[in-house]
file query_17.txt (compact mmCIF, C-alpha atoms)
# COMPACT_ATOMS: atom_id res chain seq x y z
CA MET A 284 0.00 0.00 0.00
CA PRO A 285 1.50 3.36 -0.97
CA ASP A 286 2.18 5.93 1.71
CA ILE A 287 -0.41 8.71 1.43
CA GLU A 288 -0.17 11.92 3.44
CA ARG A 289 -2.55 14.83 3.79
CA LEU A 290 -0.79 18.14 3.43
CA THR A 291 -1.18 20.76 6.12
CA ALA A 292 -1.14 24.40 5.03
CA ASP A 293 2.59 24.58 5.87
CA ASP A 294 3.35 21.30 4.08
CA PHE A 295 1.36 22.47 1.09
CA ASP A 296 3.40 25.65 0.76
CA ALA A 297 6.66 23.68 1.03
CA ASP A 298 5.49 21.17 -1.63
CA VAL A 299 4.32 23.65 -4.29
CA LYS A 300 7.44 23.01 -6.42
CA GLU A 301 6.85 19.24 -6.35
CA LEU A 302 3.12 19.65 -6.98
CA ALA A 303 3.89 21.93 -9.92
CA GLY A 304 6.15 19.28 -11.43
CA LEU A 305 3.36 16.71 -11.10
CA LEU A 306 0.85 19.06 -12.76
CA VAL A 307 3.23 19.82 -15.64
CA ASP A 308 3.76 16.08 -16.15
CA ALA A 309 -0.02 15.51 -16.22
CA VAL A 310 -0.54 18.19 -18.87
CA ASP A 311 2.49 17.03 -20.87
CA SER A 312 1.15 13.48 -20.88
CA GLY A 313 -2.24 14.61 -22.22
CA ALA A 314 -4.39 14.73 -19.09
CA SER A 315 -7.39 17.03 -19.29
CA VAL A 316 -6.90 18.78 -15.96
CA GLY A 317 -7.82 22.32 -16.99
CA PHE A 318 -4.68 23.59 -18.71
CA LEU A 319 -3.42 23.93 -22.27
CA ALA A 320 0.05 23.12 -23.58
CA PRO A 321 2.59 24.50 -23.52
CA PHE A 322 2.36 24.63 -19.76
CA GLY A 323 5.40 25.54 -17.73
CA HIS A 324 6.55 24.97 -14.19
CA GLU A 325 6.11 28.61 -13.12
CA GLU A 326 2.53 28.65 -14.42
CA ALA A 327 1.82 25.38 -12.58
CA ALA A 328 3.39 26.67 -9.35
CA ALA A 329 1.30 29.85 -9.58
CA TRP A 330 -1.86 27.79 -9.94
CA TRP A 331 -0.97 25.68 -6.91
CA ARG A 332 -0.12 28.79 -4.88
CA SER A 333 -3.58 30.17 -5.76
CA GLN A 334 -5.06 27.13 -3.98
CA ALA A 335 -3.23 27.87 -0.70
CA PRO A 336 -6.04 29.95 0.89
CA ALA A 337 -8.53 27.10 0.40
CA VAL A 338 -6.05 24.62 1.88
CA ALA A 339 -5.46 26.97 4.82
CA ASP A 340 -9.18 27.42 5.53
CA GLY A 341 -9.90 23.69 5.17
CA SER A 342 -12.25 23.92 2.19
CA LEU A 343 -9.67 22.10 0.02
CA LEU A 344 -7.91 19.02 1.37
CA VAL A 345 -4.89 17.75 -0.59
CA TRP A 346 -3.10 14.41 -0.33
CA VAL A 347 0.14 13.31 -1.92
CA CYS A 348 2.03 10.09 -2.33
CA ARG A 349 5.80 10.15 -2.62
CA ASP A 350 8.68 8.14 -3.96
CA GLY A 351 11.41 9.33 -1.64
CA SER A 352 10.98 13.07 -1.54
CA ALA A 353 9.38 13.30 -5.01
CA VAL A 354 5.60 13.74 -5.20
CA THR A 355 4.31 10.98 -7.49
CA GLY A 356 0.58 11.59 -7.11
CA SER A 357 -2.00 13.89 -5.60
CA VAL A 358 -5.71 14.34 -5.16
CA GLY A 359 -7.87 17.12 -3.81
CA LEU A 360 -11.18 17.06 -2.00
CA ALA A 361 -13.17 20.28 -2.28
CA LEU A 362 -15.67 20.43 0.55
CA ALA A 363 -18.92 22.24 -0.15
CA THR A 364 -19.28 25.54 1.69
CA LYS A 365 -22.98 26.20 1.13
CA PRO A 366 -25.14 25.24 4.12
CA ASN A 367 -27.45 23.09 1.98
CA ALA A 368 -24.54 21.21 0.37
CA ARG A 369 -22.40 20.15 3.30
CA HIS A 370 -23.28 16.51 2.65
CA ARG A 371 -21.32 16.57 -0.61
CA ALA A 372 -17.80 17.21 -1.86
CA GLU A 373 -15.89 17.10 -5.13
CA ILE A 374 -12.82 15.09 -6.07
CA VAL A 375 -10.45 17.40 -7.95
CA LYS A 376 -7.12 17.01 -9.73
CA LEU A 377 -6.42 13.32 -9.21
CA MET A 378 -3.00 12.98 -10.83
CA VAL A 379 -0.31 10.31 -10.88
CA HIS A 380 3.07 10.94 -12.49
CA ARG A 381 3.40 8.92 -15.70
CA GLU A 382 6.45 7.08 -14.30
CA ALA A 383 4.45 5.94 -11.25
CA ARG A 384 1.27 4.74 -12.97
CA GLY A 385 0.08 1.17 -12.65
CA ARG A 386 0.99 0.90 -8.95
CA GLY A 387 -2.46 1.52 -7.47
CA LEU A 388 -1.71 5.12 -6.48
CA SER A 389 -4.96 6.50 -7.94
CA ARG A 390 -7.05 4.06 -5.94
CA ALA A 391 -5.06 4.72 -2.74
CA LEU A 392 -5.40 8.49 -3.16
CA LEU A 393 -9.14 8.14 -3.82
CA ALA A 394 -9.56 5.95 -0.75
CA ALA A 395 -7.89 8.59 1.42
CA ALA A 396 -10.13 11.33 0.01
CA GLU A 397 -13.26 9.20 0.37
CA GLN A 398 -12.51 8.43 4.03
CA ALA A 399 -11.81 12.10 4.75
CA ALA A 400 -15.10 13.05 3.11
CA LEU A 401 -16.95 10.67 5.41
CA ASP A 402 -15.03 12.01 8.40
CA ALA A 403 -16.12 15.53 7.39
CA GLY A 404 -19.78 14.47 7.07
CA ALA A 405 -19.83 14.42 3.28
CA TYR A 406 -21.21 11.19 1.90
CA LEU A 407 -21.97 12.24 -1.68
CA LEU A 408 -18.92 12.74 -3.89
CA LEU A 409 -18.86 14.17 -7.39
CA LEU A 410 -16.23 14.40 -10.11
CA ASP A 411 -15.79 14.76 -13.84
CA THR A 412 -13.23 13.29 -16.21
CA GLU A 413 -12.56 12.94 -19.91
CA THR A 414 -14.78 10.27 -21.43
CA GLY A 415 -12.81 7.19 -22.45
CA SER A 416 -9.75 8.12 -20.39
CA THR A 417 -7.80 5.81 -18.10
CA ALA A 418 -9.15 7.88 -15.22
CA GLU A 419 -12.70 7.06 -16.27
CA HIS A 420 -11.82 3.35 -16.02
CA VAL A 421 -10.46 3.90 -12.49
CA TYR A 422 -13.73 5.52 -11.40
CA ARG A 423 -16.02 3.03 -13.11
CA THR A 424 -14.22 0.08 -11.52
CA GLY A 425 -13.98 1.88 -8.16
CA GLY A 426 -17.70 1.99 -7.44
CA TRP A 427 -18.47 5.36 -9.03
CA THR A 428 -21.66 5.82 -11.08
CA ARG A 429 -21.58 7.75 -14.32
CA TYR A 430 -24.67 9.94 -14.53
CA GLY A 431 -24.03 11.71 -17.78
CA ILE A 432 -21.76 12.74 -20.60
CA VAL A 433 -21.47 16.27 -21.96
CA SER A 434 -20.02 16.51 -25.44
CA ASP A 435 -17.24 19.03 -26.10
CA TYR A 436 -17.10 19.91 -22.39
CA ALA A 437 -13.39 20.67 -22.01
CA GLY A 438 -10.28 20.99 -24.10
CA SER A 439 -7.44 18.51 -23.91
CA PRO A 440 -3.97 20.04 -23.51
CA ASP A 441 -3.74 20.51 -27.28
CA GLY A 442 -7.04 22.42 -27.26
CA THR A 443 -9.16 19.69 -28.87
CA LEU A 444 -12.62 19.62 -27.31
CA GLN A 445 -13.39 16.36 -25.53
CA ASP A 446 -16.49 14.76 -24.08
CA CYS A 447 -16.62 14.64 -20.31
CA SER A 448 -18.20 12.01 -18.07
CA PHE A 449 -19.74 13.04 -14.75
CA PHE A 450 -19.69 10.64 -11.82
CA TYR A 451 -21.02 10.40 -8.28
CA LYS A 452 -20.42 8.04 -5.41
CA LYS A 453 -22.51 7.65 -2.27
CA LEU A 454 -20.27 6.66 0.58
CA THR A 455 -21.09 4.46 3.53
CA ALA A 456 -19.07 3.81 6.66
CA SER A 457 -17.78 0.61 5.02
CA GLY A 458 -16.63 2.50 1.89

call {"tool": "encode", "arguments": {"input": "query_17.txt", "output": "structure tokens"}}
result
Amino acid sequence: MPDIERLTADDFDADVKELAGLLVDAVDSGASVGFLAPFGHEEAAAWWRSQAPAVADGSLLVWVCRDGSAVTGSVGLALATKPNARHRAEIVKLMVHREARGRGLSRALLAAAEQAALDAGAYLLLLDTETGSTAEHVYRTGGWTRYGIVSDYAGSPDGTLQDCSFFYKKLTASG
């Protein structure tokens, strides 16, 4: 089982460089995670730094897995802040470095986020991913339910519009 750690606000700040490298690798390897190529390290670091206030106030929880000191994967859990939505949360930016794929890191990161959601009182999780992607396979085989596809929802790193699948998962104490 890979070692997964939740980043505190201080840890998060110290790991921005590593997180930026992971994000650049995701974009370079074709992942549709919200950015277009070319996408540089400084741009990625700036995006991560922009997330720091949400990490500090607890509305965004971030986990990483490491190989030595290098961050090889991450996932975020965005907790709902509206009073009528506190039972739900969103999985965001699940990424595994291309050199670390196939080791079960995605599933381990998801499991950590799912347990934290339950601990925070959120039992309904949502996410979206590119239709037909490897990530979609991870979600479908991990107990997530696809509830729709929107055509031309987001651009891949090269700017080509891609369909996006939307998923939910209702959590129970047993997972």

call {"tool": "atom_distance", "arguments": {"input": "query_17.txt", "atom1": "CA of Val358 (chain A)", "atom2": "CA of Val375 (chain A)"}}
result
6.3 Å

call {"tool": "closest_atom_pairs", "arguments": {"input": "query_17.txt", "of": "region 334-413 of chain A", "to": "region 287-307 of chain A", "cutoff": "8 Å", "atoms": "all atoms listed in the file", "output": "tab-separated table"}}
result
residue	atom	partner	partner_atom	distance
A:Ala335	CA	A:Ala292	CA	7.0
A:Val338	CA	A:Ala292	CA	5.8
A:Ala339	CA	A:Ala292	CA	5.0
A:Leu344	CA	A:Arg289	CA	7.2
A:Val345	CA	A:Leu290	CA	5.8
A:Trp346	CA	A:Arg289	CA	4.2
A:Val347	CA	A:Glu288	CA	5.5
A:Cys348	CA	A:Ile287	CA	4.7
A:Arg349	CA	A:Ile287	CA	7.6
A:Ala353	CA	A:Glu301	CA	6.6
A:Val354	CA	A:Glu301	CA	5.8
A:Thr355	CA	A:Leu305	CA	6.8
A:Gly356	CA	A:Leu305	CA	7.1
A:Ser357	CA	A:Leu302	CA	7.8
A:Met378	CA	A:Leu305	CA	7.4
A:Val379	CA	A:Leu305	CA	7.4
A:His380	CA	A:Leu305	CA	5.9
A:Ala391	CA	A:Ile287	CA	7.4
A:Leu392	CA	A:Ile287	CA	6.8
A:Ala395	CA	A:Ile287	CA	7.5

call {"tool": "atom_distance", "arguments": {"input": "query_17.txt", "atom1": "CA of Gly387 (chain A)", "atom2": "CA of Cys447 (chain A)"}}
result
23.2 Å

call {"tool": "atom_distance", "arguments": {"input": "query_17.txt", "atom1": "CA of Glu419 (chain A)", "atom2": "CA of Phe450 (chain A)"}}
result
9.0 Å

call {"tool": "residues_near_point", "arguments": {"input": "query_17.txt", "point": "(-2.1, 14.5, -21.7)", "cutoff": "12 Å", "atoms": "only C-alpha atoms", "output": "VMD selection string"}}
result
chain A and resid 306 to 322 378 to 381 413 416 to 418 438 to 443
